[in-house]
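Participant: Have a look at this one before I ask anything.
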Amino acid sequence: MTDISTDPALDEWRTYDEFAAGIDTYRLPNASLAGTELALTLDGGGTLSLSFDSATVTWSGLGAEGTDPYDAVPVRDDIVFVNIPLESRAREAITIVYSTTTHRATVIRSSIAAQAVEGTPQVGQEFWAATTDAGTPSGEVPGPSRDLIGKRNIYRYSPHHLYEHVYVSSQRYAWQCLEGVQRGHGDMDLSTVWKFADGLYLFCFREFRIAVASVWLHDLGYQLMTTGIFLGLNGDGDAEHSRGGGHIYPLGSVSYPDAQPV
């Protein structure tokens, strides 16, 4: 039996590309959005226009434009998770979640800073609520949520990827790897949670120790599945995009009797 307290592997902090390999094994299937055109109006001003073919999307907005590959996953019958791993703008990704029934959307831009700054995640994220031009918006506007605070879940992404998350506040979550190349490793990193619809939450994190950030859409309804992406620097220092996804197993939750987390 190995004593993990003296296991030399625990001293080897894995690079982003090492732990992300295969982390999309149990991801929901992709779909083509060929022929789909969307115009999003962002809260606070600004627009994002998207025109999809079978393999690429031509887009404009957020101060830029380009034609890039895309990755689309229908997470529910009326809700689509779309990621654009930008090739036209190195070190950036744009992630969109939109509903074909409420015509609500969210937009997240992830970007890798040119230089690392101690104490600050090198991959930053920006968030917008939005509406689409496909119909009259209805229902709750997506926005920051405290609903996950106190919850503890396990995430199975593949036969070799098992992680535990504990959502400790509106700004941070704790994680540990139970199975995989990061086994025995864990940390507490910056996170953002937005509620998109009933039981459907955007969970985004930004790590301190390595240059990586991620966008996940957790379906905590009957499906108990998560769909996500990573953007970070690999072991060679190059920007790399990866997909993720898998099953959610809730372990339980706690509630605070008086003083509440931030």
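Each chain of the structure tokens is named A, B, ... in the order shown, its residues numbered from 1; ligands are numbered from 1 in display order.
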Can you pull out the residues contacting Glu207 in chain A? Cut-off 10 Å, using only C-alpha atoms, and skip same-chain residues under 6 positions away; I want them as an MDAnalysis selection string.

Facilitator: chainID A and resid 120:124 187:191 213:214 232

Participant: For range 22-37 of chain A, find every residue with an atom within 10 Å (counting only C-alpha atoms), except residues of its own chain fewer than 5 positions away, and show them as an mmCIF file with C-alpha atoms, in the first residue's frame.

Facilitator:
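The resulting file, out_26.cif, is shown below:
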```cif
data_model
loop_
_atom_site.group_PDB
_atom_site.id
_atom_site.type_symbol
_atom_site.label_atom_id
_atom_site.label_comp_id
_atom_site.auth_asym_id
_atom_site.auth_seq_id
_atom_site.Cartn_x
_atom_site.Cartn_y
_atom_site.Cartn_z
ATOM 1 C CA ASP A 17 -2.844 19.741 -20.703
ATOM 2 C CA SER A 49 -23.693 38.540 -34.005
ATOM 3 C CA LEU A 50 -23.196 34.889 -34.908
ATOM 4 C CA SER A 51 -23.623 33.077 -38.232
ATOM 5 C CA PHE A 52 -22.948 29.326 -38.144
ATOM 6 C CA ASP A 53 -22.105 26.816 -40.839
ATOM 7 C CA SER A 54 -21.286 23.145 -40.246
ATOM 8 C CA ALA A 55 -17.776 23.752 -38.897
ATOM 9 C CA THR A 56 -17.217 27.471 -38.272
ATOM 10 C CA VAL A 57 -18.970 30.576 -36.997
ATOM 11 C CA THR A 58 -18.537 34.085 -38.356
ATOM 12 C CA TRP A 59 -18.951 36.514 -35.493
ATOM 13 C CA TYR A 70 -17.129 26.298 -32.688
ATOM 14 C CA ASP A 71 -18.356 23.598 -30.338
ATOM 15 C CA ALA A 72 -22.119 23.338 -29.663
ATOM 16 C CA VAL A 73 -23.906 21.056 -27.181
ATOM 17 C CA PRO A 74 -27.687 20.941 -26.647
ATOM 18 C CA VAL A 75 -27.796 20.575 -22.848
ATOM 19 C CA VAL A 80 -27.549 25.287 -26.184
ATOM 20 C CA PHE A 81 -23.979 25.622 -24.862
ATOM 21 C CA VAL A 82 -21.652 27.104 -27.509
ATOM 22 C CA ASP A 133 -33.269 38.351 -31.587
ATOM 23 C CA ALA A 134 -35.281 35.131 -31.998
ATOM 24 C CA ARG A 156 -17.086 12.004 -12.945
ATOM 25 C CA TYR A 157 -15.654 13.069 -16.309
ATOM 26 C CA SER A 158 -14.120 9.747 -17.399
ATOM 27 C CA PRO A 159 -13.047 6.406 -15.877
ATOM 28 C CA HIS A 160 -9.857 8.240 -14.887
ATOM 29 C CA HIS A 161 -11.168 11.679 -13.840
ATOM 30 C CA LEU A 162 -13.044 12.098 -10.549
ATOM 31 C CA GLY A 180 -6.589 10.983 -12.074
ATOM 32 C CA MET A 225 -24.778 16.398 -16.172
ATOM 33 C CA THR A 226 -22.212 19.121 -16.727
ATOM 34 C CA THR A 227 -20.780 20.521 -19.981
ATOM 35 C CA GLY A 228 -17.694 22.705 -20.051
ATOM 36 C CA ILE A 229 -14.529 24.033 -21.621
ATOM 37 C CA SER A 242 -10.071 21.752 -24.242
ATOM 38 C CA ARG A 243 -13.552 20.348 -23.762
ATOM 39 C CA GLY A 244 -14.944 18.779 -20.606
ATOM 40 C CA GLY A 245 -18.109 17.152 -19.390
ATOM 41 C CA GLY A 246 -19.574 14.362 -17.333
ATOM 42 C CA HIS A 247 -21.854 13.247 -14.530
#
```

Participant: Between CA of Val117 in chain A and CA of Ala239 in chain A, what is the spacing in Å?

Facilitator: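 Interatomic distance, CA of Ala239 in chain A to CA of Val117 in chain A: 17.1 Å.
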
Participant: Write out as a PyMOL selection string the set of residues from range 14-228 of chain A that DSSP, computed on the backbone, places in strand (DSSP E or B).

Facilitator: chain A and resi 37-42+47-52+56-61+64-69+71-76+79-85+92-99+104-112+117+120+123-132+143-144+151-158+161-167+172-179+186-197+200-206+212-219+225-228

Participant: Have a look at A:Trp175, A:Trp128, A:Phe205, A:Tyr98 and name the one nearest to Leu38 in chain A; count only C-alpha atoms.

Facilitator: A:Tyr98

Participant: Which residues, written as a list in words, have at least one atom at most 7 Å from Gln125 in chain A, with only C-alpha atoms counted and residues fewer than 6 positions away on the same chain left out?

Facilitator: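 These residues fall inside the cut-off: Ile108, Arg109, Ser110 and Ser111 of chain A.
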
Participant: Those residues you just picked out, can you put them in a file as a PDB file, in the first residue's frame with C-alpha atoms?

Facilitator:
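That gives us again31.pdb:
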```pdb
ATOM      1  CA  ILE A 108     -18.449  34.769 -21.171  1.00  0.00           C
ATOM      2  CA  ARG A 109     -15.122  35.918 -22.567  1.00  0.00           C
ATOM      3  CA  SER A 110     -12.040  34.142 -21.190  1.00  0.00           C
ATOM      4  CA  SER A 111      -8.586  35.559 -21.944  1.00  0.00           C
TER       5      SER A 111
END
```

Participant: Considering only C-alpha atoms, state which residue in the set A:Val141, A:Ala197, A:Ile210, A:Leu220 is at the smallest distance from Ile112 in chain A.

Facilitator: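 Going through A:Val141, A:Ala197, A:Ile210, A:Leu220 one by one, the smallest distance to Ile112 in chain A is for A:Ile210.
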
Participant: If we count only C-alpha atoms and set the cut-off at 10 Å, which residues sit around Thr101 in chain A, ignoring sequence neighbours fewer than 4 positions away in its own chain? Please answer as a VMD selection string.

Facilitator: chain A and resid 77 to 79 134 to 139

Participant: Find the residues near Thr106 in chain A: any atom within 12 Å, counting only C-alpha atoms, skip ones fewer than 2 places away on the same chain, and give them as a count of residues only.

Facilitator: 41

Participant: Excluding His241 in chain A and residues on its chain fewer than 2 positions from it, collect all residues at most 7 Å away from it, counting only C-alpha atoms, and give them as a PyMOL selection string.

Facilitator: chain A and resi 85+230-232

Participant: Taking the chain letters and numbering used in this document, name the residues of range 4-253 of chain A that DSSP puts in helix (DSSP H, G or I), as a ChimeraX atom specification.

Facilitator: /A:4-6,8-11,16-20

Participant: Taking into account only C-alpha atoms, which residue in the set A:Leu233, A:Ile84, A:Ile154, A:Val166 is nearest to Thr15 in chain A?

Facilitator: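 Under the stated criterion, the closest residue is A:Leu233.
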
Participant: Given only C-alpha atoms as the basis, pick out the residue of A:Ala21, A:Val262, A:Leu86, A:Ala211 nearest to Asp236 in chain A.

Facilitator: A:Ala211

Participant: Could you tell me how far CA of Ser170 in chain A sits from CA of Pro250 in chain A, in Å to one decimal place?

Facilitator: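 It comes out at 18.8 Å.
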